[in-house]
Structures are given as structure tokens and as C-alpha cells.
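Reproduced below: data-v8.cif, with mmCIF, C-alpha atoms.
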```cif
data_data
loop_
_atom_site.label_atom_id
_atom_site.label_comp_id
_atom_site.auth_asym_id
_atom_site.auth_seq_id
_atom_site.Cartn_x
_atom_site.Cartn_y
_atom_site.Cartn_z
CA MET L 1 102.38 170.50 108.39
CA GLU L 2 101.18 173.75 106.81
CA ASP L 3 104.31 173.84 104.67
CA GLU L 4 103.51 170.36 103.47
CA TRP L 5 99.98 171.45 102.60
CA HIS L 6 101.32 174.45 100.64
CA THR L 7 103.83 172.24 98.86
CA GLU L 8 101.10 169.84 97.86
CA LYS L 9 98.84 172.67 96.73
CA GLU L 10 101.57 174.21 94.64
CA PHE L 11 102.36 170.86 93.08
CA GLU L 12 98.70 170.28 92.28
CA SER L 13 98.28 173.67 90.70
CA ARG L 14 101.37 173.18 88.54
CA LEU L 15 100.28 169.69 87.56
CA GLN L 16 96.83 171.06 86.70
CA ALA L 17 98.36 173.86 84.61
CA HIS L 18 100.65 171.54 82.68
CA ARG L 19 98.57 168.36 82.70
CA ALA L 20 98.49 168.41 78.91
CA ILE L 21 102.15 167.35 78.91
CA VAL L 22 101.28 164.21 80.84
CA PHE L 23 98.34 163.32 78.64
CA LYS L 24 100.16 163.98 75.38
CA ILE L 25 102.98 161.70 76.43
CA VAL L 26 100.58 159.07 77.72
CA ASN L 27 98.67 159.10 74.45
CA THR L 28 101.87 158.98 72.45
CA TYR L 29 103.21 155.91 74.23
CA CYS L 30 100.13 153.87 75.10
CA TRP L 31 97.40 152.37 72.97
CA GLN L 32 95.28 150.67 75.57
CA LEU L 33 92.98 152.56 77.88
CA ASP L 34 94.16 150.66 80.97
CA ASP L 35 97.77 151.30 80.08
CA ARG L 36 97.09 154.99 79.62
CA ALA L 37 95.52 155.24 83.07
CA ASP L 38 98.40 153.30 84.65
CA LEU L 39 101.03 155.37 82.91
CA ALA L 40 99.34 158.68 83.76
CA GLN L 41 99.25 157.64 87.41
CA GLU L 42 102.84 156.47 87.36
CA ILE L 43 103.99 159.76 85.85
CA ALA L 44 102.02 161.72 88.46
CA ALA L 45 103.52 159.56 91.22
CA GLN L 46 107.07 160.07 89.97
CA LEU L 47 106.51 163.82 89.59
CA TRP L 48 105.28 163.99 93.16
CA ARG L 49 108.27 161.97 94.41
CA ALA L 50 110.69 164.21 92.53
CA TRP L 51 108.90 167.42 93.51
CA PRO L 52 110.90 168.04 96.75
CA ARG L 53 114.10 168.06 94.67
CA TYR L 54 112.73 170.39 92.01
CA ASP L 55 114.96 173.45 91.56
CA PRO L 56 112.65 176.47 90.98
CA SER L 57 115.42 178.28 89.10
CA ARG L 58 115.00 175.74 86.29
CA THR L 59 112.13 175.56 83.84
CA PHE L 60 109.24 173.58 85.24
CA THR L 61 108.12 172.19 81.90
CA THR L 62 111.60 170.88 81.09
CA TRP L 63 111.68 169.11 84.46
CA MET L 64 108.21 167.73 83.83
CA TYR L 65 108.96 166.58 80.29
CA ARG L 66 112.10 164.78 81.45
CA ILE L 67 110.34 162.86 84.19
CA ALA L 68 107.29 162.09 82.07
CA PHE L 69 109.39 160.81 79.14
CA ASN L 70 111.63 158.76 81.38
CA VAL L 71 108.66 157.13 83.07
CA ALA L 72 106.84 156.60 79.77
CA ILE L 73 109.83 155.03 78.01
CA SER L 74 110.51 152.69 80.94
CA PHE L 75 106.81 151.85 81.08
CA VAL L 76 106.48 151.16 77.38
CA ARG L 77 109.52 148.91 77.40
CA LYS L 78 108.05 146.82 80.16
CA GLU L 79 104.32 146.91 79.64
CA VAL L 80 103.34 147.61 76.10
CA GLN L 81 106.15 146.55 73.81
CA HIS L 82 104.77 143.10 73.22
CA ARG L 83 101.24 144.18 72.45
CA ARG L 84 101.50 147.22 70.26
CA THR L 85 98.58 146.32 68.09
CA SER L 86 95.89 147.27 70.58
CA VAL L 87 93.51 150.21 70.64
CA PRO L 88 94.57 152.88 68.18
CA LEU L 89 95.03 156.32 69.65
CA ASP L 90 91.90 157.83 68.19
CA GLU L 91 89.44 155.03 68.83
CA ASN L 92 88.00 156.62 71.94
CA LEU L 93 88.04 160.01 70.30
CA HIS L 94 85.63 159.12 67.52
CA ASP L 95 82.73 160.04 69.78
CA VAL L 96 83.78 163.66 69.86
CA THR L 97 84.38 164.07 66.16
CA PRO L 98 81.40 162.98 64.04
CA THR L 99 80.17 166.53 63.53
CA ASN L 100 83.62 167.93 62.95
CA PRO L 101 83.34 170.47 60.12
CA ILE L 102 86.83 169.77 58.85
CA GLY L 103 86.99 167.63 55.72
CA PRO L 104 86.27 163.89 55.70
CA SER L 105 89.89 162.99 55.08
CA LEU L 106 90.98 164.46 58.40
CA ASP L 107 90.60 161.22 60.32
CA ASP L 108 92.59 159.51 57.65
CA ARG L 109 95.40 162.02 58.02
CA VAL L 110 95.21 161.79 61.80
CA GLY L 111 95.41 158.01 61.43
CA ARG L 112 98.49 158.25 59.24
CA LEU L 113 100.17 160.58 61.72
CA GLN L 114 99.38 158.22 64.58
CA LEU L 115 100.65 155.23 62.65
CA PHE L 116 103.86 157.08 61.94
CA ILE L 117 104.28 157.94 65.64
CA GLU L 118 103.58 154.32 66.62
CA GLN L 119 106.30 153.07 64.31
CA GLN L 120 109.02 155.15 65.93
CA ALA L 121 111.33 153.80 68.63
CA PRO L 122 110.61 155.21 72.12
CA LEU L 123 113.42 157.78 72.05
CA ASP L 124 112.61 158.91 68.50
CA ARG L 125 109.00 159.25 69.55
CA ALA L 126 110.06 161.66 72.31
CA LEU L 127 111.95 163.73 69.75
CA LEU L 128 108.98 163.69 67.38
CA LEU L 129 106.56 164.77 70.09
CA LEU L 130 108.78 167.67 71.13
CA TYR L 131 109.20 168.67 67.51
CA LEU L 132 105.44 168.63 66.92
CA GLU L 133 105.03 170.68 70.07
CA ASP L 134 107.19 173.37 68.44
CA LYS L 135 109.85 173.22 71.13
CA SER L 136 113.10 174.97 70.31
CA GLN L 137 116.16 172.89 69.52
CA LYS L 138 117.75 174.12 72.73
CA GLU L 139 114.77 172.95 74.79
CA ILE L 140 114.70 169.60 73.01
CA ALA L 141 118.42 169.17 73.61
CA ASP L 142 117.98 170.04 77.28
CA ILE L 143 115.12 167.61 77.79
CA LEU L 144 116.65 164.70 75.91
CA GLY L 145 120.27 165.29 76.90
CA LEU L 146 121.62 165.68 73.37
CA THR L 147 123.68 168.44 71.83
CA GLN L 148 121.82 171.02 69.74
CA THR L 149 123.76 169.87 66.69
CA ASN L 150 122.59 166.33 67.23
CA VAL L 151 119.01 167.50 67.69
CA SER L 152 119.24 169.49 64.48
CA THR L 153 120.59 166.47 62.59
CA LYS L 154 117.94 164.19 63.98
CA ILE L 155 115.14 166.62 63.17
CA GLY L 156 116.46 166.90 59.62
CA ARG L 157 116.29 163.13 59.29
CA LEU L 158 112.88 163.05 60.87
CA LYS L 159 111.58 165.56 58.34
CA GLN L 160 112.90 163.44 55.49
CA LYS L 161 111.31 160.37 56.99
CA ILE L 162 107.98 162.16 57.45
CA ARG L 163 108.01 163.33 53.83
CA SER L 164 108.79 159.91 52.50
CA GLU L 165 106.57 157.84 54.76
CA ILE L 166 103.44 159.93 55.27
CA MET J 1 101.99 165.17 54.17
CA GLU J 2 103.82 168.45 54.69
CA LEU J 3 105.31 169.37 58.02
CA ASP J 4 103.05 172.36 58.67
CA GLU J 5 100.04 170.23 57.95
CA MET J 6 101.36 167.59 60.29
CA LYS J 7 101.78 170.10 63.08
CA ALA J 8 98.27 171.43 62.44
CA ILE J 9 96.86 167.91 62.72
CA TRP J 10 98.85 167.39 65.91
CA GLN J 11 97.36 170.56 67.39
CA LEU J 12 93.89 169.40 66.45
CA LEU J 13 94.53 166.05 68.05
CA ASP J 14 95.75 167.91 71.07
CA LYS J 15 92.48 169.78 71.44
CA ARG J 16 90.51 166.58 71.22
CA LEU J 17 92.70 164.98 73.85
CA GLU J 18 92.40 168.02 76.07
CA ARG J 19 88.60 167.64 76.01
CA GLU J 20 88.90 164.00 76.91
CA ASN J 21 91.64 164.46 79.48
CA SER J 22 90.00 167.26 81.44
CA MET J 23 87.70 164.56 82.79
CA THR J 24 90.51 162.39 84.00
CA PHE J 25 92.66 164.94 85.81
CA ALA J 26 90.88 164.26 89.07
CA MET J 27 92.00 160.67 88.84
CA LEU J 28 95.59 161.79 88.26
CA ARG J 29 95.51 164.08 91.27
CA HIS J 30 93.98 161.60 93.68
CA GLN J 31 96.27 158.78 92.72
CA LYS J 32 99.57 160.59 93.00
CA LEU J 33 100.18 160.10 96.71
CA ASP J 34 99.28 156.43 96.61
CA GLY J 35 102.57 155.68 94.91
CA ALA J 36 101.27 154.09 91.76
CA LYS J 37 103.14 150.97 90.74
CA THR J 38 106.42 151.80 89.07
CA SER J 39 107.94 150.05 86.10
CA LEU J 40 111.04 149.35 88.16
CA ARG J 41 109.13 147.51 90.86
CA PRO J 42 109.73 144.02 89.39
CA LEU J 43 113.45 144.80 89.26
CA VAL J 44 113.40 145.99 92.88
CA VAL J 45 111.38 142.96 94.00
CA GLY J 46 113.81 140.70 92.13
CA GLN J 47 116.73 142.26 94.00
CA LEU J 48 114.98 141.93 97.36
CA LEU J 49 114.42 138.24 96.61
CA GLN J 50 118.09 137.93 95.71
CA LEU J 51 118.99 139.56 99.03
CA LEU J 52 116.90 136.93 100.81
CA TRP J 53 118.44 134.21 98.66
CA GLY J 54 121.96 135.37 99.58
CA ALA J 55 121.00 135.75 103.24
CA THR J 56 119.80 132.13 103.25
CA PHE J 57 123.28 130.89 102.29
CA ILE J 58 124.95 133.21 104.78
CA LEU J 59 122.62 131.80 107.43
CA LEU J 60 123.45 128.27 106.34
CA ALA J 61 127.18 129.02 106.58
CA GLY J 62 126.57 130.68 109.97
CA LEU J 63 124.87 127.53 111.21
CA LEU J 64 127.84 125.51 110.00
CA TRP J 65 130.31 127.81 111.82
CA ALA J 66 128.23 127.36 114.97
CA THR J 67 129.01 123.64 114.87
CA ARG J 68 132.75 124.55 114.89
CA PRO J 69 133.74 122.22 112.05
CA SER J 70 137.29 120.92 112.16
CA ALA J 71 137.53 119.04 108.84
CA LEU J 72 139.29 121.18 106.24
CA PRO J 73 137.00 120.14 103.28
CA VAL J 74 133.93 121.13 105.29
CA ILE J 75 135.52 124.47 106.22
CA VAL J 76 136.42 125.13 102.56
CA ALA J 77 132.86 124.23 101.49
CA GLY J 78 131.51 126.55 104.21
CA VAL J 79 133.69 129.40 102.98
CA ILE J 80 132.45 128.86 99.39
CA VAL J 81 128.80 128.82 100.47
CA HIS J 82 129.35 131.85 102.68
CA ALA J 83 131.10 133.72 99.85
CA TYR J 84 128.28 132.85 97.43
CA GLY J 85 125.72 134.26 99.88
CA VAL J 86 127.74 137.43 100.42
CA GLY J 87 128.20 137.77 96.64
CA CYS J 88 124.44 137.55 96.05
CA VAL J 89 123.80 140.17 98.74
CA ILE J 90 126.48 142.53 97.38
CA VAL J 91 125.23 142.29 93.79
CA ALA J 92 121.62 142.84 94.87
CA GLY J 93 122.71 145.77 97.05
CA LEU J 94 124.64 147.35 94.19
CA VAL J 95 121.72 147.02 91.77
CA LEU J 96 119.27 148.38 94.35
CA SER J 97 121.58 151.29 95.07
CA ALA J 98 121.95 151.99 91.33
CA ILE J 99 118.16 151.97 90.93
CA HIS J 100 117.77 154.27 93.92
CA ARG J 101 120.32 156.74 92.53
CA ILE J 102 118.51 157.12 89.20
CA ASP J 103 116.88 160.54 89.17
CA TYR J 104 114.12 160.73 86.56
CA ALA J 105 114.56 164.50 86.37
CA PHE J 106 117.88 164.01 84.55
CA PRO J 107 117.94 164.18 80.73
CA VAL J 108 116.15 161.32 79.02
CA VAL J 109 119.17 159.81 77.26
CA GLU J 110 121.20 159.76 80.47
CA VAL J 111 118.45 158.14 82.54
CA GLN J 112 117.56 155.58 79.87
CA GLY J 113 121.26 154.70 79.47
CA ARG J 114 121.61 154.16 83.21
CA LEU J 115 118.46 152.08 83.37
CA ALA J 116 119.61 149.90 80.49
CA ARG J 117 123.00 149.39 82.17
CA VAL J 118 121.35 148.47 85.48
CA ARG J 119 119.07 145.98 83.73
CA ARG J 120 122.01 144.44 81.90
CA ALA J 121 124.06 144.18 85.12
CA TYR J 122 121.09 142.52 86.82
CA VAL J 123 120.61 140.01 84.02
CA VAL J 124 124.34 139.25 83.71
CA SER J 125 124.64 138.67 87.46
CA GLY J 126 121.68 136.28 87.23
CA ILE J 127 123.33 134.34 84.40
CA VAL J 128 126.68 134.14 86.20
CA GLY J 129 124.89 133.11 89.39
CA GLY J 130 123.05 130.41 87.45
CA PHE J 131 126.20 128.95 85.89
CA THR J 132 127.94 128.69 89.26
CA TRP J 133 125.38 126.02 90.20
CA TRP J 134 127.20 123.57 87.95
CA PHE J 135 129.74 123.41 90.81
CA PHE J 136 128.02 125.08 93.71
CA TRP J 137 125.78 122.15 94.59
CA VAL J 138 128.87 120.17 95.69
CA PRO J 139 130.02 122.51 98.51
CA LEU J 140 126.38 123.07 99.38
CA LEU J 141 125.93 119.33 99.84
CA MET J 142 129.10 119.26 101.95
CA VAL J 143 127.81 122.09 104.14
CA LEU J 144 124.49 120.32 104.64
CA GLY J 145 126.47 117.24 105.62
CA GLY J 146 128.63 119.35 107.93
CA LEU J 147 125.50 120.62 109.70
CA VAL J 148 124.79 117.05 110.84
CA ARG J 149 128.52 116.61 111.55
CA VAL J 150 129.17 114.45 108.50
CA ASP J 151 132.31 115.10 106.49
CA LEU J 152 131.11 114.13 103.04
CA TYR J 153 134.60 114.27 101.57
CA ALA J 154 135.94 111.86 104.21
CA HIS J 155 133.03 109.45 103.86
CA ALA J 156 132.46 109.56 100.11
CA PRO J 157 135.19 111.50 98.31
CA SER J 158 134.02 110.05 95.01
CA VAL J 159 130.75 112.01 95.35
CA VAL J 160 132.72 115.24 95.61
CA TRP J 161 135.09 114.46 92.75
CA ILE J 162 132.33 113.13 90.52
CA GLY J 163 130.31 116.25 91.32
CA ILE J 164 133.21 118.48 90.36
CA ALA J 165 133.80 116.45 87.19
CA VAL J 166 130.12 116.68 86.26
CA GLY J 167 130.27 120.44 86.84
CA ALA J 168 133.39 120.80 84.70
CA ILE J 169 131.89 118.68 81.90
CA GLY J 170 128.57 120.53 82.11
CA LEU J 171 130.15 123.96 82.05
CA SER J 172 132.55 123.05 79.24
CA GLY J 173 129.70 121.48 77.28
CA THR J 174 127.59 124.57 77.75
CA TRP J 175 130.49 126.77 76.59
CA TRP J 176 131.16 124.51 73.60
CA LEU J 177 127.50 124.61 72.60
CA TYR J 178 127.56 128.37 72.82
CA LEU J 179 130.69 128.69 70.65
CA HIS J 180 129.32 126.11 68.20
CA SER J 181 126.05 128.03 67.84
CA ARG J 182 128.02 131.26 67.19
CA LYS J 183 129.89 129.60 64.32
CA SER J 184 126.87 127.73 63.00
CA SER J 185 125.09 128.95 59.92
CA ASN J 186 121.82 127.71 61.35
CA PRO J 187 120.01 130.77 62.77
CA ARG J 188 117.48 128.56 64.56
CA LEU J 189 120.23 126.84 66.56
CA ARG J 190 121.74 130.19 67.46
CA ARG J 191 118.37 131.51 68.59
CA VAL J 192 117.58 128.42 70.68
CA VAL J 193 121.01 128.49 72.36
CA ASP J 194 120.83 132.24 72.94
CA ASN J 195 117.41 131.96 74.50
CA ALA J 196 118.42 129.02 76.68
CA MET J 197 121.78 130.35 77.84
CA ILE J 198 121.74 134.10 77.61
CA GLY J 199 118.03 134.59 77.77
CA ARG J 200 115.80 137.11 76.09
CA SER J 201 116.13 139.45 79.05
CA LEU J 202 119.80 140.08 78.34
CA GLN J 203 119.16 140.45 74.62
CA ARG J 204 116.45 142.98 75.41
CA ALA J 205 118.66 144.84 77.89
CA GLN J 206 121.50 144.89 75.37
CA ALA J 207 119.19 146.06 72.59
CA GLN J 208 117.92 148.89 74.79
CA LEU J 209 121.44 149.97 75.59
CA GLU J 210 122.35 149.92 71.90
CA GLU J 211 119.24 151.92 71.09
CA VAL J 212 120.19 154.61 73.62
CA ARG J 213 123.80 154.67 72.39
CA SER J 214 122.84 155.01 68.76
CA PHE J 215 120.34 157.75 69.62
CA GLU J 216 123.05 159.59 71.51
CA VAL J 217 125.64 159.35 68.74
CA GLU J 218 126.01 162.35 66.50
CA ASN J 219 125.94 161.28 62.88
CA LEU J 220 126.68 164.30 60.81
#
```
This structure in C-alpha cells:
Amino acid sequence: MEDEWHTEKEFESRLQAHRAIVFKIVNTYCWQLDDRADLAQEIAAQLWRAWPRYDPSRTFTTWMYRIAFNVAISFVRKEVQHRRTSVPLDENLHDVTPTNPIGPSLDDRVGRLQLFIEQQAPLDRALLLLYLEDKSQKEIADILGLTQTNVSTKIGRLKQKIRSEI
Amino acid sequence: MELDEMKAIWQLLDKRLERENSMTFAMLRHQKLDGAKTSLRPLVVGQLLQLLWGATFILLAGLLWATRPSALPVIVAGVIVHAYGVGCVIVAGLVLSAIHRIDYAFPVVEVQGRLARVRRAYVVSGIVGGFTWWFFWVPLLMVLGGLVRVDLYAHAPSVVWIGIAVGAIGLSGTWWLYLHSRKSSNPRLRRVVDNAMIGRSLQRAQAQLEEVRSFEVENL
């Protein structure tokens, strides 16, 4: 019983420490507030279910990214695919930005970035997110299950696409 | 937009989200043990229903065997109905087992590929199961007759033969329509036939599998 309590506590502290991963993925894949809440809960539930099988010798964030992406991609295929034109990512963030000292075109640039993310297929979006997070090619390859060469090629293409489309 | 600028904007966005998300972590924590609904639940529920569906036909065949039928046509019909029920149960069991074996902690491409294959297998089995009804209703009718000790084939063989002929014509017609739509230059006809016969679910499952495959392929 005590072991169980410790396990749960450890899981909670790790989830708390790395919660940003969950929220970044949720915000990358969902545009409706309800969907975001559902997806965040589903990711947390799957992480908790997989937690007993977690191998501590492996990187926790890689494990977490894999589960969160897998849940998010499955979720987006089922729930959101047919209604992608809902709440844009930054709509609920406007409240925290009106006094932002950074130039007036920032929201515009943020908007363009979000639009670009939205237009990517679910797997490409995972690659893009990891790239923006400054993950190494090895880490990206490990999370997605690609070879490093493939990751490198895909990132090269992504860069070209970003330059031409944004 | 340059890449460095893009990353800087992403980091900024991140900080904003962090401010917003710190308020919702409690929700995340309290919900985790409740087993939030999973995206695969409809697939699992569908398989459980198919298990029940198959079990119904096994039960029906069991009831027929309890009457100890002696007429060969009734026995053959019973075997077909029994086999159909067992087939439904086996397929549902295989899909459920495949779903259960998917570990989300595996690399994304591998898991998504497996999920897409499971979905496609599920949809294909549904389509095959649906087409069998062109013929299946005949032995089913014979089994129902057998339950009240009526040998349908002995009393009205024309019903059985007409049923089989209708099934053969229906299935051939369906196949012809499918081939015709493939060759047709009319995209609307192709779409209508695809949607009616193959269904959007299979197209979606196939598209997902293709998406995963093309993502996995190294194009140097």
C-alpha cells in the first residue's frame, strides 16, 4: 500500500516537473478548449497506465514524449480532424498579452507560426514541435522511431518549407 | 520568417502557455486515475459488440444442436451459422488482443503504424462480414426453421435455391458495380460506390497507414 503511495507520489512529481510537455503537445494538436482538456486528461491517464512499465534506465522525457504524441495523434485523428477550423491556439491567450512590450507585429508572427503548425499532418507536427523544442536529432529519432538520417532529411525539408511558407 | 526567429516566437508562446497551464495542472493530476476516455474506446466497444454478435450465432447453433437435427441440410446450415459466429468471435478477439498489445511508450511511427493496421483489419473484417449476408440469411433461415423442427429445404427447396441465386446475383452485381466504377471516368460514381461499398472508414484507415509509411520512408 505504501509502495503504491510512493509510486503515485513519484509519478505526480515527475508529471508536475514535465507538465509543459503535455501542454505543449495538447496546444499543438487541439484548437478547442474542451478538446484540450480531454486530450490532457487522456495523456495523463495513459502516462499513469504505462508508469508501472517505465524503465528508469531510459530517459523519462523520451518516454513521456512518445506516449503523449501517440495519444495526441490518435486523439486528433478521431476527435478533431473534421473540425479543424475552431478556436485558434492563441485566442485564450490574448488576455495575457495586451501589455506585452514586444512589438505590435508579434501576434501576427505568432499567428503565422500557429497557422503553419496547423497545416502540418499529425506526424510532421510532432517533428516540428520537437525541432522547435531544440531536441537533438538523436532524441527526435528515438521518440519518433526514425533513423537519424531520415530525421535530418525531414528537418532539412521542414526548414525549406518554413522559409517558403512563413 | 527565419528559423531562429521562429524558435524565439515558439519559446515566447511557451511562456504564455506555461502561465495558463499552471492553473490547470491540478485538473490533470486529479483526473489521471479516473481513466479518462481513450480514443480507442469506440474500437474496443465495437469489438465487444462483435463478440456478443458472434456469441448470439453460436448460441443459436447450440440451440439447434440441442434439438439433435437429423436432416443433412439443417445440419449444414447449423455448421455455417456456427462457423460464422466463431469467425466473428475470433476476429473480434484478434483485434482486441492487437489493441491490448499496443504499448504507447513505443516510438511514435511504430505505434501509429500498428494502430492504422488494426483499424484497417477491423474495417475490412466488417466489410467482409457484411458481404457474407448476401448468402448468410439462407442458412440462418434454415437454422431458425430447424429450431422449430422444420426442414426448410425439404419443405420449400425453391426458397433455399432462390435465396442462393439472389445472393450470387447480388454479390456479382456488387462486384461488377465496383469494377465498373474503377474503370469509369466519372469521379462522382467512383466516390459514391467507394463510400457505399468500402466506406469512408476504410479509406481513412488506409490513408492513415499510407501517411505513416510515407513518413517512415527515407527519401534522400
### Task
Please write the residues picked by the PyMOL selection byres ((chain L and resi 145) around 7) on this file as a count of residues only.
10
### Task
Find the residues in chain L near chain J: any atom within 7 Å counts, using all atoms listed in the file. Write them as a ChimeraX atom specification.
/L:20,23,40-42,44-45,48,63,66-67,69-70,74-75,78,110,132,142-146,150,153,163,166
Using C-alpha atoms, can you export the residues from the last selection as an mmCIF file, in the frame of the given file?
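In the end it all went to out09.cif:
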```cif
data_model
loop_
_atom_site.group_PDB
_atom_site.id
_atom_site.type_symbol
_atom_site.label_atom_id
_atom_site.label_comp_id
_atom_site.auth_asym_id
_atom_site.auth_seq_id
_atom_site.Cartn_x
_atom_site.Cartn_y
_atom_site.Cartn_z
ATOM 1 C CA ALA L 20 98.490 168.410 78.910
ATOM 2 C CA PHE L 23 98.340 163.320 78.640
ATOM 3 C CA ALA L 40 99.340 158.680 83.760
ATOM 4 C CA GLN L 41 99.250 157.640 87.410
ATOM 5 C CA GLU L 42 102.840 156.470 87.360
ATOM 6 C CA ALA L 44 102.020 161.720 88.460
ATOM 7 C CA ALA L 45 103.520 159.560 91.220
ATOM 8 C CA TRP L 48 105.280 163.990 93.160
ATOM 9 C CA TRP L 63 111.680 169.110 84.460
ATOM 10 C CA ARG L 66 112.100 164.780 81.450
ATOM 11 C CA ILE L 67 110.340 162.860 84.190
ATOM 12 C CA PHE L 69 109.390 160.810 79.140
ATOM 13 C CA ASN L 70 111.630 158.760 81.380
ATOM 14 C CA SER L 74 110.510 152.690 80.940
ATOM 15 C CA PHE L 75 106.810 151.850 81.080
ATOM 16 C CA LYS L 78 108.050 146.820 80.160
ATOM 17 C CA VAL L 110 95.210 161.790 61.800
ATOM 18 C CA LEU L 132 105.440 168.630 66.920
ATOM 19 C CA ASP L 142 117.980 170.040 77.280
ATOM 20 C CA ILE L 143 115.120 167.610 77.790
ATOM 21 C CA LEU L 144 116.650 164.700 75.910
ATOM 22 C CA GLY L 145 120.270 165.290 76.900
ATOM 23 C CA LEU L 146 121.620 165.680 73.370
ATOM 24 C CA ASN L 150 122.590 166.330 67.230
ATOM 25 C CA THR L 153 120.590 166.470 62.590
ATOM 26 C CA ARG L 163 108.010 163.330 53.830
ATOM 27 C CA ILE L 166 103.440 159.930 55.270
#
```
### Query
L:Leu33, L:Trp51, L:Arg109, L:Ile43: which is nearest Glu8 in chain L, counting only C-alpha atoms?
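Residue with the minimum atom-to-atom distance to Glu8 in chain L: L:Trp51.
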### Task
Could you tell me which of J:Ala98, J:Ile58, J:Leu52, J:Gly173 comes closest to Arg119 in chain J if we count all atoms listed in the file?
J:Ala98
### Query
Which residues come within 7 Å of range 142-153 of chain J, counting all atoms listed in the file, excluding same-chain residues fewer than 4 positions away, as a PyMOL selection string?
chain J and resi 64+67+71+73-74+77-78+138+157+160
Expected axis-aligned box over every listed atom of range 119-129 of chain L, 6 Å added per side, centre plus edges in Å to one decimal, as AutoDock Vina command-line options:
```
--center_x 109.9 --center_y 158.9 --center_z 68.3 --size_x 19.1 --size_y 23.7 --size_z 20.0
```
The PyMOL selection byres ((chain J and resi 55) around 12) resolved against shown file, as an mmCIF file with C-alpha atoms, in the frame of the given file:
```
data_model
loop_
_atom_site.group_PDB
_atom_site.id
_atom_site.type_symbol
_atom_site.label_atom_id
_atom_site.label_comp_id
_atom_site.auth_asym_id
_atom_site.auth_seq_id
_atom_site.Cartn_x
_atom_site.Cartn_y
_atom_site.Cartn_z
ATOM 1 C CA LEU J 48 114.980 141.930 97.360
ATOM 2 C CA LEU J 49 114.420 138.240 96.610
ATOM 3 C CA GLN J 50 118.090 137.930 95.710
ATOM 4 C CA LEU J 51 118.990 139.560 99.030
ATOM 5 C CA LEU J 52 116.900 136.930 100.810
ATOM 6 C CA TRP J 53 118.440 134.210 98.660
ATOM 7 C CA GLY J 54 121.960 135.370 99.580
ATOM 8 C CA THR J 56 119.800 132.130 103.250
ATOM 9 C CA PHE J 57 123.280 130.890 102.290
ATOM 10 C CA ILE J 58 124.950 133.210 104.780
ATOM 11 C CA LEU J 59 122.620 131.800 107.430
ATOM 12 C CA LEU J 60 123.450 128.270 106.340
ATOM 13 C CA ALA J 61 127.180 129.020 106.580
ATOM 14 C CA GLY J 62 126.570 130.680 109.970
ATOM 15 C CA VAL J 81 128.800 128.820 100.470
ATOM 16 C CA HIS J 82 129.350 131.850 102.680
ATOM 17 C CA ALA J 83 131.100 133.720 99.850
ATOM 18 C CA TYR J 84 128.280 132.850 97.430
ATOM 19 C CA GLY J 85 125.720 134.260 99.880
ATOM 20 C CA VAL J 86 127.740 137.430 100.420
ATOM 21 C CA GLY J 87 128.200 137.770 96.640
ATOM 22 C CA CYS J 88 124.440 137.550 96.050
ATOM 23 C CA VAL J 89 123.800 140.170 98.740
ATOM 24 C CA ILE J 90 126.480 142.530 97.380
ATOM 25 C CA ALA J 92 121.620 142.840 94.870
ATOM 26 C CA GLY J 93 122.710 145.770 97.050
#
```
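Comparing the minimum interatomic distances between Glu12 in chain L and each of L:Cys30, L:Ser164, L:Asp35, L:Leu47, counting all atoms listed in the file, we find that L:Leu47 sits nearest.
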### Task
Kindly indicate which residue among J:Gly113, J:Gly126, J:Ser181, J:Ala156 lies nearest to Ile73 in chain L, using all atoms listed in the file for the distances.
J:Gly113
### Query
Interatomic distance between CA of Ala68 in chain L and CA of Leu113 in chain L?
21.6 Å
### Task
Can you pull out every residue within 8 Å of Ile140 in chain L, counting all atoms listed in the file, but drop anything in the same chain fewer than 5 positions away, and send it as a list in words?
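The residues satisfying every condition are Leu127, Leu130, Tyr131, Lys135, Leu146, Gln148 and Val151 of chain L.
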### Query
How many Å separate CA of Ser57 in chain L from CA of Arg19 in chain L?
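It comes out at 20.6 Å.
Atom pair CA of Leu129 in chain L / CA of Val76 in chain L has a distance of 15.4 Å (rounded to one decimal).
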### Contacts of Gly170 in chain J at 12 Å (only C-alpha atoms; same-chain gap of 6+ positions) as a PyMOL selection string
chain J and resi 131-135+162-164+176-177
### Task
Identify all residues satisfying the PyMOL selection byres ((chain L and resi 119) around 12) in the given file; provide them as a ChimeraX atom specification.
/L:28-29,81,84-85,112-118,120-125,128,161-162,165-166
